[in-house]
Every structure is written in structure tokens, then in C-alpha cells.
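Just target.txt here, compact mmCIF, N, CA and C atoms:
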# COMPACT_ATOMS: atom_id res chain seq x y z
N MET U 4 -8.19 -8.74 -47.35
CA MET U 4 -8.13 -8.88 -45.91
C MET U 4 -9.53 -8.87 -45.33
N THR U 5 -9.78 -9.77 -44.42
CA THR U 5 -11.10 -9.82 -43.81
C THR U 5 -11.18 -8.82 -42.67
N LYS U 6 -12.40 -8.61 -42.22
CA LYS U 6 -12.63 -7.64 -41.15
C LYS U 6 -11.94 -8.07 -39.85
N GLN U 7 -11.95 -9.38 -39.61
CA GLN U 7 -11.33 -9.91 -38.40
C GLN U 7 -9.82 -9.69 -38.40
N ASN U 8 -9.17 -9.88 -39.54
CA ASN U 8 -7.73 -9.66 -39.63
C ASN U 8 -7.37 -8.21 -39.40
N LYS U 9 -8.18 -7.29 -39.89
CA LYS U 9 -7.92 -5.86 -39.69
C LYS U 9 -7.98 -5.50 -38.22
N GLN U 10 -8.97 -6.07 -37.50
CA GLN U 10 -9.10 -5.77 -36.08
C GLN U 10 -7.92 -6.32 -35.29
N SER U 11 -7.45 -7.52 -35.63
CA SER U 11 -6.31 -8.09 -34.90
C SER U 11 -5.04 -7.29 -35.17
N ASP U 12 -4.87 -6.74 -36.37
CA ASP U 12 -3.71 -5.90 -36.67
C ASP U 12 -3.74 -4.63 -35.83
N LYS U 13 -4.91 -4.03 -35.66
CA LYS U 13 -5.03 -2.82 -34.85
C LYS U 13 -4.69 -3.10 -33.39
N LYS U 14 -5.12 -4.24 -32.87
CA LYS U 14 -4.82 -4.60 -31.49
C LYS U 14 -3.32 -4.77 -31.29
N GLU U 15 -2.65 -5.42 -32.23
CA GLU U 15 -1.21 -5.62 -32.14
C GLU U 15 -0.46 -4.29 -32.15
N GLN U 16 -0.91 -3.33 -32.93
CA GLN U 16 -0.28 -2.02 -32.99
C GLN U 16 -0.43 -1.29 -31.67
N LYS U 17 -1.60 -1.40 -31.02
CA LYS U 17 -1.82 -0.73 -29.74
C LYS U 17 -0.94 -1.32 -28.65
N VAL U 18 -0.81 -2.62 -28.62
CA VAL U 18 -0.02 -3.29 -27.59
C VAL U 18 1.45 -2.89 -27.70
N SER U 19 1.97 -2.80 -28.90
CA SER U 19 3.39 -2.48 -29.05
C SER U 19 3.70 -1.04 -28.63
N SER U 20 2.73 -0.15 -28.66
CA SER U 20 2.97 1.24 -28.29
C SER U 20 2.83 1.48 -26.79
N LEU U 21 2.43 0.47 -26.01
CA LEU U 21 2.27 0.64 -24.57
C LEU U 21 3.60 0.70 -23.84
N PHE U 22 4.62 0.06 -24.39
CA PHE U 22 5.91 -0.03 -23.71
C PHE U 22 6.84 1.09 -24.15
N THR U 23 7.62 1.58 -23.19
CA THR U 23 8.63 2.59 -23.50
C THR U 23 10.01 1.98 -23.25
N TYR U 24 11.02 2.58 -23.82
CA TYR U 24 12.37 2.10 -23.61
C TYR U 24 12.83 2.49 -22.20
N ALA U 25 13.48 1.57 -21.53
CA ALA U 25 14.00 1.83 -20.19
C ALA U 25 15.40 1.24 -20.08
N THR U 26 16.20 1.84 -19.20
CA THR U 26 17.57 1.41 -18.99
C THR U 26 17.69 0.78 -17.61
N PRO U 27 18.23 -0.42 -17.48
CA PRO U 27 18.38 -1.03 -16.16
C PRO U 27 19.53 -0.39 -15.37
N ALA U 28 19.32 -0.29 -14.06
CA ALA U 28 20.35 0.24 -13.17
C ALA U 28 20.29 -0.54 -11.86
N VAL U 29 21.44 -0.68 -11.21
CA VAL U 29 21.49 -1.39 -9.94
C VAL U 29 21.72 -0.38 -8.82
N VAL U 30 21.00 -0.55 -7.71
CA VAL U 30 21.11 0.35 -6.55
C VAL U 30 22.39 0.01 -5.80
N GLU U 31 23.27 1.02 -5.66
CA GLU U 31 24.54 0.79 -4.97
C GLU U 31 24.59 1.39 -3.58
N GLU U 32 23.81 2.45 -3.34
CA GLU U 32 23.84 3.11 -2.04
C GLU U 32 22.50 3.78 -1.78
N ILE U 33 21.99 3.67 -0.56
CA ILE U 33 20.79 4.38 -0.17
C ILE U 33 21.24 5.61 0.59
N ILE U 34 20.93 6.78 0.04
CA ILE U 34 21.42 8.04 0.62
C ILE U 34 20.53 8.49 1.77
N GLY U 35 19.22 8.46 1.58
CA GLY U 35 18.32 8.90 2.64
C GLY U 35 16.90 9.05 2.13
N ARG U 36 16.05 9.57 3.01
CA ARG U 36 14.64 9.78 2.67
C ARG U 36 14.38 11.25 2.44
N THR U 37 13.42 11.52 1.56
CA THR U 37 13.05 12.89 1.26
C THR U 37 11.54 12.95 1.04
N GLY U 38 11.04 14.10 0.73
CA GLY U 38 9.59 14.28 0.60
C GLY U 38 9.02 14.81 1.89
N THR U 39 7.84 15.35 1.84
CA THR U 39 7.25 15.97 3.03
C THR U 39 6.98 14.95 4.13
N ARG U 40 6.72 13.70 3.76
CA ARG U 40 6.45 12.66 4.76
C ARG U 40 7.51 11.55 4.75
N GLY U 41 8.58 11.74 4.02
CA GLY U 41 9.64 10.74 3.97
C GLY U 41 9.30 9.55 3.09
N GLU U 42 8.40 9.74 2.14
CA GLU U 42 7.95 8.63 1.31
C GLU U 42 8.86 8.36 0.10
N ILE U 43 9.80 9.25 -0.17
CA ILE U 43 10.71 9.11 -1.30
C ILE U 43 12.10 8.72 -0.77
N ILE U 44 12.74 7.76 -1.43
CA ILE U 44 14.08 7.32 -1.03
C ILE U 44 15.05 7.77 -2.11
N GLN U 45 16.11 8.44 -1.69
CA GLN U 45 17.14 8.86 -2.64
C GLN U 45 18.25 7.82 -2.65
N VAL U 46 18.63 7.37 -3.86
CA VAL U 46 19.65 6.32 -4.00
C VAL U 46 20.68 6.72 -5.04
N ARG U 47 21.84 6.08 -4.97
CA ARG U 47 22.85 6.17 -6.04
C ARG U 47 22.79 4.85 -6.79
N CYS U 48 22.69 4.94 -8.11
CA CYS U 48 22.59 3.72 -8.90
C CYS U 48 23.55 3.79 -10.08
N ARG U 49 23.99 2.61 -10.52
CA ARG U 49 24.92 2.48 -11.65
C ARG U 49 24.15 1.89 -12.82
N LEU U 50 24.24 2.56 -13.97
CA LEU U 50 23.56 2.10 -15.18
C LEU U 50 24.24 0.84 -15.70
N LEU U 51 23.43 -0.12 -16.11
CA LEU U 51 23.96 -1.40 -16.57
C LEU U 51 23.99 -1.52 -18.09
N ASP U 52 23.27 -0.64 -18.78
CA ASP U 52 23.14 -0.78 -20.22
C ASP U 52 22.92 0.59 -20.84
N GLY U 53 22.96 0.66 -22.14
CA GLY U 53 22.68 1.91 -22.84
C GLY U 53 23.94 2.70 -23.13
N ARG U 54 23.74 3.90 -23.64
CA ARG U 54 24.88 4.71 -24.05
C ARG U 54 25.68 5.25 -22.87
N ASP U 55 25.06 5.37 -21.69
CA ASP U 55 25.74 5.85 -20.48
C ASP U 55 26.10 4.71 -19.55
N LYS U 56 26.48 3.57 -20.10
CA LYS U 56 26.79 2.39 -19.29
C LYS U 56 27.86 2.72 -18.25
N ASN U 57 27.68 2.21 -17.02
CA ASN U 57 28.55 2.38 -15.85
C ASN U 57 28.51 3.79 -15.27
N LYS U 58 27.67 4.66 -15.74
CA LYS U 58 27.52 6.00 -15.16
C LYS U 58 26.75 5.87 -13.84
N ILE U 59 27.16 6.64 -12.83
CA ILE U 59 26.50 6.61 -11.53
C ILE U 59 25.60 7.84 -11.43
N LEU U 60 24.32 7.60 -11.08
CA LEU U 60 23.33 8.67 -10.97
C LEU U 60 22.72 8.68 -9.58
N ARG U 61 22.23 9.83 -9.17
CA ARG U 61 21.46 9.98 -7.95
C ARG U 61 20.00 10.10 -8.36
N ARG U 62 19.14 9.22 -7.87
CA ARG U 62 17.74 9.22 -8.28
C ARG U 62 16.83 9.13 -7.08
N ASN U 63 15.62 9.65 -7.23
CA ASN U 63 14.58 9.54 -6.21
C ASN U 63 13.66 8.40 -6.61
N ILE U 64 13.34 7.53 -5.64
CA ILE U 64 12.50 6.36 -5.90
C ILE U 64 11.35 6.36 -4.91
N LYS U 65 10.15 6.12 -5.41
CA LYS U 65 8.99 5.99 -4.54
C LYS U 65 8.68 4.51 -4.39
N GLY U 66 8.65 4.03 -3.18
CA GLY U 66 8.39 2.62 -2.93
C GLY U 66 9.58 1.95 -2.26
N ALA U 67 9.40 0.68 -1.96
CA ALA U 67 10.44 -0.08 -1.26
C ALA U 67 11.61 -0.36 -2.19
N VAL U 68 12.81 -0.20 -1.67
CA VAL U 68 14.02 -0.48 -2.45
C VAL U 68 15.12 -0.92 -1.49
N ARG U 69 15.96 -1.86 -1.98
CA ARG U 69 17.08 -2.35 -1.19
C ARG U 69 18.35 -2.26 -2.02
N LEU U 70 19.49 -2.46 -1.37
CA LEU U 70 20.76 -2.52 -2.09
C LEU U 70 20.72 -3.69 -3.07
N LYS U 71 21.37 -3.53 -4.20
CA LYS U 71 21.48 -4.53 -5.26
C LYS U 71 20.17 -4.75 -6.03
N ASP U 72 19.13 -3.97 -5.77
CA ASP U 72 17.90 -4.06 -6.56
C ASP U 72 18.15 -3.51 -7.96
N ILE U 73 17.47 -4.06 -8.94
CA ILE U 73 17.53 -3.56 -10.31
C ILE U 73 16.32 -2.67 -10.53
N ILE U 74 16.55 -1.44 -10.95
CA ILE U 74 15.47 -0.52 -11.27
C ILE U 74 15.54 -0.17 -12.75
N MET U 75 14.41 0.15 -13.32
CA MET U 75 14.35 0.51 -14.73
C MET U 75 14.10 2.01 -14.84
N LEU U 76 15.02 2.72 -15.50
CA LEU U 76 14.95 4.17 -15.63
C LEU U 76 14.51 4.54 -17.04
N ARG U 77 13.49 5.38 -17.13
CA ARG U 77 13.02 5.82 -18.44
C ARG U 77 13.98 6.81 -19.08
N GLU U 78 14.62 7.62 -18.27
CA GLU U 78 15.60 8.58 -18.80
C GLU U 78 16.82 8.59 -17.90
N THR U 79 17.97 8.90 -18.49
CA THR U 79 19.23 8.87 -17.75
C THR U 79 19.98 10.18 -17.84
N GLU U 80 19.31 11.23 -18.26
CA GLU U 80 19.95 12.54 -18.43
C GLU U 80 19.92 13.36 -17.14
N ILE U 81 18.79 13.32 -16.43
CA ILE U 81 18.58 14.22 -15.29
C ILE U 81 18.91 13.49 -13.99
N GLU U 82 19.65 14.18 -13.12
CA GLU U 82 20.03 13.63 -11.83
C GLU U 82 19.26 14.37 -10.74
N ALA U 83 18.91 13.68 -9.65
CA ALA U 83 18.18 14.30 -8.54
C ALA U 83 19.09 15.26 -7.78
N ARG U 84 18.48 16.25 -7.16
CA ARG U 84 19.24 17.20 -6.32
C ARG U 84 19.75 16.50 -5.07
N LYS U 85 20.87 17.00 -4.53
CA LYS U 85 21.41 16.45 -3.29
C LYS U 85 20.46 16.74 -2.13
N LEU U 86 20.43 15.81 -1.16
CA LEU U 86 19.62 16.03 0.03
C LEU U 86 20.30 17.04 0.93
N THR U 87 19.50 17.91 1.51
CA THR U 87 20.02 18.83 2.52
C THR U 87 19.60 18.28 3.89
N LEU U 88 20.50 18.32 4.83
CA LEU U 88 20.23 17.73 6.13
C LEU U 88 19.81 18.76 7.16
N THR U 89 19.03 19.75 6.77
CA THR U 89 18.51 20.73 7.72
C THR U 89 17.14 20.24 8.20
N ARG U 90 17.06 19.97 9.49
CA ARG U 90 15.80 19.47 10.06
C ARG U 90 15.36 20.38 11.18
N LYS U 91 14.06 20.57 11.27
CA LYS U 91 13.49 21.39 12.34
C LYS U 91 13.25 20.51 13.56
N GLY U 92 13.42 21.08 14.74
CA GLY U 92 13.10 20.32 15.94
C GLY U 92 14.24 20.14 16.76
Represent the structure of the file as C-alpha cells.
Amino acid sequence: MTKQNKQSDKKEQKVSSLFTYATPAVVEEIIGRTGTRGEIIQVRCRLLDGRDKNKILRRNIKGAVRLKDIIMLRETEIEARKLTLTRKG
């Protein structure tokens, strides 16, 4: 093996380790906003693939999201806490 071939093999190994497994889910309901400034959106989503297919989860999402959006979840075990509607003012 030449030196150039060894370097290209190392690059290919690094690239393949950058990606993690994720499960697609579709947003079915927007529950509300949370976070100290309202920057987090809590949604209910249905898993489309994986061992928990069709399971409905409550998740917190940072960024813009709409109904019927597809989101990629790295883990599907933990569910977000319910929002409490106690507001000051």
C-alpha cells in the first residue's frame, strides 16, 4: 500500500464516524413555548421508523418548526416534561 492510499483510508474512516443514527418523526401538535425567553417549542411527534414506530412523544425543539415537519431524533427513550401554565403578571 502506498502512502497516499493509507491517507485516503484514514479520511474515509473519519467521515463515516461523523454521523449518528437518528429516527425520523413527524410533528403532529405544537403544545407551546418554554424556556426563560420562550425560545424552545414543545411539540408532540409520532415516530416514523425504528423499534418504537408510531409511538407519540413530547419533545422540546429549538428553532422554527411547523405542523407536519419531519424532525430527526437521536434518541427516543426520554420524553420532555409537561408544560406548566403558571405565569407571573
Coordinates-based distance that separates atom CA of Ile64 of chain U from atom C of Glu42 of chain U (Å, one decimal): 7.3 Å
Residues within 8 Å of (23.2, 5.3, -19.3), file coords, only N, CA and C atoms, listed as a ChimeraX atom specification: /U:26-27,49-59,78-80
Atom-to-atom span, atom C of Val68 of chain U and atom CA of Thr39 of chain U, Å: 19.2 Å
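Taking atom CA of Ile34 of chain U and atom CA of Arg77 of chain U as the two end points, the separation is 20.9 Å.
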Nearest to Leu86 of chain U, chosen from U:Arg47, U:Ile74, U:Leu60, U:Thr37, with only C-alpha atoms counted in the distances: U:Thr37
